[in-house]
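Engineer: Quick one, work-v9.json (JSON, C-alpha atoms):
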[["chain", "number", "residue", "atom", "x", "y", "z"],
["A", 997, "MET", "CA", 0.00, 0.00, 0.00],
["A", 998, "ILE", "CA", 2.84, 2.35, 0.85],
["A", 999, "ARG", "CA", 4.56, 1.54, -2.49],
["A", 1000, "ALA", "CA", 1.40, 2.34, -4.42],
["A", 1001, "ALA", "CA", 1.09, 5.65, -2.60],
["A", 1002, "ALA", "CA", 4.72, 6.46, -3.41],
["A", 1003, "LEU", "CA", 4.27, 5.59, -7.08],
["A", 1004, "LEU", "CA", 1.13, 7.68, -7.54],
["A", 1005, "PRO", "CA", 2.96, 11.05, -7.80],
["A", 1006, "LEU", "CA", 5.42, 9.55, -10.29],
["A", 1007, "MET", "CA", 2.58, 8.24, -12.44],
["A", 1008, "LEU", "CA", 0.94, 11.66, -12.42],
["A", 1009, "LEU", "CA", 4.22, 13.29, -13.49],
["A", 1010, "LEU", "CA", 4.58, 10.80, -16.33],
["A", 1011, "ALA", "CA", 1.04, 11.48, -17.50],
["A", 1012, "ALA", "CA", 1.77, 15.22, -17.55],
["A", 1013, "CYS", "CA", 5.02, 14.93, -19.53],
["A", 1014, "GLY", "CA", 3.29, 15.30, -22.89],
["A", 1015, "LEU", "CA", 4.13, 11.87, -24.24],
["A", 1016, "GLN", "CA", 1.40, 10.41, -26.39],
["A", 1017, "PRO", "CA", 1.19, 7.20, -28.40],
["A", 1018, "MET", "CA", 2.12, 7.65, -32.05],
["A", 1019, "TYR", "CA", -0.09, 4.88, -33.39],
["A", 1020, "GLN", "CA", -3.05, 5.45, -31.12],
["A", 1021, "GLY", "CA", -5.95, 3.41, -32.48],
["A", 1022, "GLY", "CA", -3.69, 0.78, -34.08],
["A", 1023, "GLY", "CA", -4.22, 0.13, -37.79],
["A", 1024, "SER", "CA", -7.39, 2.20, -37.85],
["A", 1025, "GLY", "CA", -5.80, 5.22, -36.14],
["A", 1026, "GLY", "CA", -5.16, 8.49, -37.90],
["A", 1027, "VAL", "CA", -1.41, 8.05, -38.36],
["A", 1028, "ALA", "CA", -1.70, 4.48, -39.70],
["A", 1029, "ARG", "CA", -4.44, 5.52, -42.14],
["A", 1030, "GLY", "CA", -2.37, 8.52, -43.21],
["A", 1031, "LEU", "CA", 0.72, 6.40, -43.83],
["A", 1032, "ALA", "CA", -1.32, 3.89, -45.83],
["A", 1033, "ALA", "CA", -2.63, 6.73, -48.01],
["A", 1034, "ILE", "CA", 0.85, 7.81, -49.18],
["A", 1035, "GLU", "CA", 1.77, 6.86, -52.73],
["A", 1036, "VAL", "CA", 5.43, 6.61, -53.68],
["A", 1037, "PRO", "CA", 6.15, 7.18, -57.38],
["A", 1038, "ALA", "CA", 9.00, 5.31, -59.05],
["A", 1039, "ILE", "CA", 12.46, 6.41, -57.95],
["A", 1040, "GLN", "CA", 15.31, 6.27, -60.46],
["A", 1041, "GLY", "CA", 18.00, 3.59, -60.32],
["A", 1042, "GLN", "CA", 18.62, 0.42, -58.36],
["A", 1043, "SER", "CA", 18.79, 2.30, -55.06],
["A", 1044, "GLY", "CA", 15.47, 3.93, -55.99],
["A", 1045, "TRP", "CA", 13.86, 0.57, -56.63],
["A", 1046, "LEU", "CA", 15.11, -0.70, -53.27],
["A", 1047, "MET", "CA", 13.94, 2.48, -51.52],
["A", 1048, "ARG", "CA", 10.47, 2.39, -53.04],
["A", 1049, "ASN", "CA", 10.00, -1.24, -51.99],
["A", 1050, "ALA", "CA", 11.26, -0.51, -48.46],
["A", 1051, "LEU", "CA", 8.89, 2.46, -48.17],
["A", 1052, "HIS", "CA", 5.93, 0.43, -49.41],
["A", 1053, "ASP", "CA", 6.72, -2.25, -46.81],
["A", 1054, "ARG", "CA", 6.85, 0.30, -44.00],
["A", 1055, "LEU", "CA", 3.95, 2.51, -45.08],
["A", 1056, "GLY", "CA", 1.52, -0.33, -45.55],
["A", 1057, "PHE", "CA", 0.38, 1.18, -48.85],
["A", 1058, "ASN", "CA", -2.75, -0.59, -49.97],
["A", 1059, "GLN", "CA", -3.85, -0.52, -53.60],
["A", 1060, "GLY", "CA", -7.48, -0.38, -52.42],
["A", 1061, "VAL", "CA", -6.89, 2.86, -50.48],
["A", 1062, "SER", "CA", -7.09, 6.09, -52.43],
["A", 1063, "ALA", "CA", -3.93, 8.12, -52.09],
["A", 1064, "ARG", "CA", -4.19, 11.39, -50.17],
["A", 1065, "TYR", "CA", -0.47, 12.14, -50.24],
["A", 1066, "ARG", "CA", 2.49, 11.67, -52.58],
["A", 1067, "LEU", "CA", 6.02, 11.13, -51.36],
["A", 1068, "ASP", "CA", 8.59, 12.46, -53.82],
["A", 1069, "VAL", "CA", 12.06, 11.06, -53.14],
["A", 1070, "ARG", "CA", 15.40, 11.89, -54.75],
["A", 1071, "LEU", "CA", 18.40, 9.76, -53.81],
["A", 1072, "ASP", "CA", 22.11, 10.42, -53.83],
["A", 1073, "ASP", "CA", 24.08, 7.16, -53.64],
["A", 1074, "LYS", "CA", 27.87, 7.54, -53.45],
["A", 1075, "LEU", "CA", 30.61, 4.97, -53.17],
["A", 1076, "GLU", "CA", 34.08, 6.33, -52.49],
["A", 1077, "GLY", "CA", 37.45, 4.83, -51.66],
["A", 1078, "LEU", "CA", 38.90, 5.81, -48.31],
["A", 1079, "GLY", "CA", 41.89, 3.78, -47.24],
["A", 1080, "VAL", "CA", 44.75, 3.58, -49.74],
["A", 1081, "LEU", "CA", 47.19, 0.76, -49.14],
["A", 1082, "GLY", "CA", 50.94, 0.81, -49.76],
["A", 1083, "ASP", "CA", 50.49, -0.63, -53.27],
["A", 1084, "ASP", "CA", 48.06, 2.22, -54.22],
["A", 1085, "THR", "CA", 44.97, 0.04, -53.98],
["A", 1086, "VAL", "CA", 41.86, 0.97, -52.02],
["A", 1087, "GLY", "CA", 41.49, -1.00, -48.79],
["A", 1088, "ARG", "CA", 38.27, 0.56, -47.50],
["A", 1089, "GLU", "CA", 35.23, 2.14, -49.11],
["A", 1090, "ARG", "CA", 32.40, 4.26, -47.78],
["A", 1091, "ARG", "CA", 28.89, 4.01, -49.19],
["A", 1092, "THR", "CA", 26.64, 6.99, -48.49],
["A", 1093, "LEU", "CA", 22.91, 7.12, -49.20],
["A", 1094, "ARG", "CA", 21.09, 10.44, -48.83],
["A", 1095, "ALA", "CA", 17.42, 11.04, -49.54],
["A", 1096, "ARG", "CA", 15.68, 14.36, -50.11],
["A", 1097, "TYR", "CA", 11.95, 13.87, -49.80],
["A", 1098, "GLN", "CA", 8.75, 15.88, -49.88],
["A", 1099, "LEU", "CA", 5.30, 14.88, -48.68],
["A", 1100, "VAL", "CA", 2.71, 16.51, -50.94],
["A", 1101, "ASP", "CA", -1.00, 16.78, -50.09],
["A", 1102, "LEU", "CA", -2.76, 15.71, -53.30],
["A", 1103, "SER", "CA", -5.94, 17.66, -52.50],
["A", 1104, "ASN", "CA", -4.28, 21.08, -52.72],
["A", 1105, "GLY", "CA", -0.65, 20.52, -53.75],
["A", 1106, "ASN", "CA", 0.75, 21.83, -50.46],
["A", 1107, "ILE", "CA", 4.09, 20.47, -49.33],
["A", 1108, "LEU", "CA", 3.57, 19.18, -45.79],
["A", 1109, "LEU", "CA", 7.15, 18.05, -45.25],
["A", 1110, "ASP", "CA", 10.43, 18.82, -46.98],
["A", 1111, "ALA", "CA", 13.33, 17.01, -45.34],
["A", 1112, "THR", "CA", 16.42, 14.86, -45.80],
["A", 1113, "ALA", "CA", 17.57, 11.59, -44.32],
["A", 1114, "GLY", "CA", 20.75, 9.65, -44.81],
["A", 1115, "SER", "CA", 23.20, 7.11, -43.57],
["A", 1116, "ASP", "CA", 26.56, 5.63, -44.49],
["A", 1117, "ALA", "CA", 28.46, 2.38, -44.13],
["A", 1118, "GLY", "CA", 32.06, 1.28, -44.31],
["A", 1119, "ILE", "CA", 33.09, -1.59, -46.57],
["A", 1120, "ASP", "CA", 36.33, -3.57, -46.50],
["A", 1121, "VAL", "CA", 37.80, -4.11, -49.95],
["A", 1122, "VAL", "CA", 39.21, -7.63, -50.14],
["A", 1123, "SER", "CA", 41.15, -9.50, -52.79],
["A", 1124, "SER", "CA", 38.02, -11.19, -54.12],
["A", 1125, "GLU", "CA", 36.21, -8.81, -56.46],
["A", 1126, "TYR", "CA", 33.01, -10.84, -56.06],
["A", 1127, "ALA", "CA", 33.12, -10.49, -52.26],
["A", 1128, "THR", "CA", 33.66, -6.73, -52.53],
["A", 1129, "ILE", "CA", 30.73, -6.32, -54.94],
["A", 1130, "ALA", "CA", 28.54, -8.43, -52.65],
["A", 1131, "ALA", "CA", 29.54, -6.28, -49.67],
["A", 1132, "GLU", "CA", 28.75, -3.10, -51.61],
["A", 1133, "GLN", "CA", 25.32, -4.48, -52.55],
["A", 1134, "THR", "CA", 24.58, -5.59, -48.99],
["A", 1135, "ALA", "CA", 25.58, -2.15, -47.72],
["A", 1136, "LEU", "CA", 23.17, -0.52, -50.18],
["A", 1137, "GLU", "CA", 20.32, -2.79, -49.09],
["A", 1138, "ASN", "CA", 20.99, -2.10, -45.40],
["A", 1139, "LEU", "CA", 21.32, 1.65, -45.95],
["A", 1140, "THR", "CA", 18.07, 1.68, -47.92],
["A", 1141, "ARG", "CA", 16.19, 0.04, -45.05],
["A", 1142, "GLU", "CA", 17.73, 2.39, -42.49],
["A", 1143, "VAL", "CA", 16.94, 5.54, -44.48],
["A", 1144, "ALA", "CA", 13.41, 4.29, -45.21],
["A", 1145, "ASP", "CA", 12.87, 3.81, -41.45],
["A", 1146, "ARG", "CA", 13.99, 7.39, -40.80],
["A", 1147, "ILE", "CA", 11.72, 8.74, -43.53],
["A", 1148, "VAL", "CA", 8.67, 6.85, -42.24],
["A", 1149, "THR", "CA", 9.32, 7.99, -38.67],
["A", 1150, "GLN", "CA", 9.37, 11.62, -39.81],
["A", 1151, "LEU", "CA", 6.25, 11.07, -41.92],
["A", 1152, "ALA", "CA", 4.44, 9.58, -38.92],
["A", 1153, "LEU", "CA", 5.40, 12.56, -36.75],
["A", 1154, "THR", "CA", 4.19, 14.95, -39.44],
["A", 1155, "LEU", "CA", 0.88, 13.15, -39.87],
["A", 1156, "ARG", "CA", 0.38, 12.88, -36.11],
["A", 1157, "ASP", "CA", 0.72, 16.66, -35.75],
["A", 1158, "LYS", "CA", -1.54, 17.37, -38.75],
["A", 1159, "PRO", "CA", -5.15, 18.08, -37.82],
["A", 1160, "GLN", "CA", -7.38, 15.18, -38.89],
["A", 1161, "GLU", "CA", -10.13, 15.99, -41.33]]
Would you mind writing the file's structure down as structure tokens?

Structural biologist:
Amino acid sequence: MIRAAALLPLMLLLAACGLQPMYQGGGSGGVARGLAAIEVPAIQGQSGWLMRNALHDRLGFNQGVSARYRLDVRLDDKLEGLGVLGDDTVGRERRTLRARYQLVDLSNGNILLDATAGSDAGIDVVSSEYATIAAEQTALENLTREVADRIVTQLALTLRDKPQE
């Protein structure tokens, strides 16, 4: 009984901190419905194809839902050599994936969000060219998923703060 009385003020402080659930209402909540109503047009290149698929997986885009928003994404995928060995060969590479994206309200053309997200990964260059190419590809796939997660988090925050109609 004494523990419960001691915890009561802490629970009241936590309730007053302003935290609120992002996905209140589950799949039928405002944020989930908003995310499902975002269409993602084709994005150029292999990294664009990977990004579009990752975004579709995370947004829960449903062909039966009419799109209320459009997410325009432009990617910058760079692969650069970093570590030069004594024999003038590259020993380490860095892959960087940056996304500039805009969330557009299709009803009036307003841009609700204009932001960037990005990440990078280090890759060891080994004597096997096949292994190096496989590592570069794996890095791109991982970076795509990570950047897509960041984009969807920002989209969810934007839709949560948008007044529901």

Engineer: With a distance cut-off of 12 Å and only C-alpha atoms, select the neighbouring residues of Glu1089 in chain A, excluding the residue or stretch itself and same-chain residues fewer than 2 positions from it, and output the selection as a list in words.

Structural biologist: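 My reading of the contact set: Lys1074, Leu1075, Glu1076, Gly1077, Leu1078, Gly1079, Val1080, Thr1085, Val1086, Gly1087, Arg1091, Thr1092, Asp1116, Ala1117, Gly1118, Ile1119, Asp1120, Val1121, Val1122, Thr1128, Ile1129, Ala1131, Glu1132 and Ala1135 of chain A.
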
Engineer: Please provide as JSON, numbers by chain all residues within 8 Å of range 1042-1052 of chain A, with the sequence filter that same-chain residues fewer than 5 positions apart are discarded (counting all atoms listed in the file).

Structural biologist: {"A": [1036, 1037, 1057, 1071, 1073, 1136, 1137, 1140, 1141, 1144, 1145, 1148]}

Engineer: If you keep C-alpha atoms, can you produce a file of those selected residues as a PDB file, in the frame of the given file?

Structural biologist:
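Final file, out17.pdb:
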ATOM      1  CA  VAL A1036       5.430   6.610 -53.680  1.00  0.00           C
ATOM      2  CA  PRO A1037       6.150   7.180 -57.380  1.00  0.00           C
ATOM      3  CA  PHE A1057       0.380   1.180 -48.850  1.00  0.00           C
ATOM      4  CA  LEU A1071      18.400   9.760 -53.810  1.00  0.00           C
ATOM      5  CA  ASP A1073      24.080   7.160 -53.640  1.00  0.00           C
ATOM      6  CA  LEU A1136      23.170  -0.520 -50.180  1.00  0.00           C
ATOM      7  CA  GLU A1137      20.320  -2.790 -49.090  1.00  0.00           C
ATOM      8  CA  THR A1140      18.070   1.680 -47.920  1.00  0.00           C
ATOM      9  CA  ARG A1141      16.190   0.040 -45.050  1.00  0.00           C
ATOM     10  CA  ALA A1144      13.410   4.290 -45.210  1.00  0.00           C
ATOM     11  CA  ASP A1145      12.870   3.810 -41.450  1.00  0.00           C
ATOM     12  CA  VAL A1148       8.670   6.850 -42.240  1.00  0.00           C
TER      13      VAL A1148
END

Engineer: Please indicate the distance in Å from CA of Ala1033 in chain A to CA of Arg1094 in chain A, rounded to one decimal place.

Structural biologist: 24.0 Å

Engineer: Could you check the closest approach to Ser1115 in chain A for each of A:Gly1041, A:Asp1072, A:Val1100, A:Ala1127 and tell me which residue wins, using all atoms listed in the file?

Structural biologist: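 Closest residue, counting all atoms listed in the file: A:Asp1072.
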
Engineer: Show me, as a count of residues only, the residues that have an atom within 7 Å of Thr1112 in chain A when counting only C-alpha atoms, minus same-chain residues fewer than 3 positions from it.

Structural biologist: 3

Engineer: Can you pull out the residues contacting Ala1152 in chain A? Cut-off 7 Å, using all atoms listed in the file, and skip same-chain residues under 4 positions away; I want them as a list in words.

Structural biologist: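 Everything that qualifies: Val1027, Leu1031, Val1148 and Arg1156 of chain A.
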
Engineer: Please write the residues from the selection above to a file, keeping C-alpha atoms, as a PDB file, keeping the file's coordinate frame.

Structural biologist:
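Result file is selection36.pdb:
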ATOM      1  CA  VAL A1027      -1.410   8.050 -38.360  1.00  0.00           C
ATOM      2  CA  LEU A1031       0.720   6.400 -43.830  1.00  0.00           C
ATOM      3  CA  VAL A1148       8.670   6.850 -42.240  1.00  0.00           C
ATOM      4  CA  ARG A1156       0.380  12.880 -36.110  1.00  0.00           C
TER       5      ARG A1156
END

Engineer: Measuring between only C-alpha atoms, which one of A:Ala1028, A:Leu1006, A:Ala1113, A:Ile1039 shows the shortest distance to Leu1153 in chain A?

Structural biologist: A:Ala1028

Engineer: For CA of Gly1105 in chain A and CA of Arg1054 in chain A, quote the distance in Å rounded to one decimal.

Structural biologist: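 Interatomic distance, CA of Gly1105 in chain A to CA of Arg1054 in chain A: 23.7 Å.
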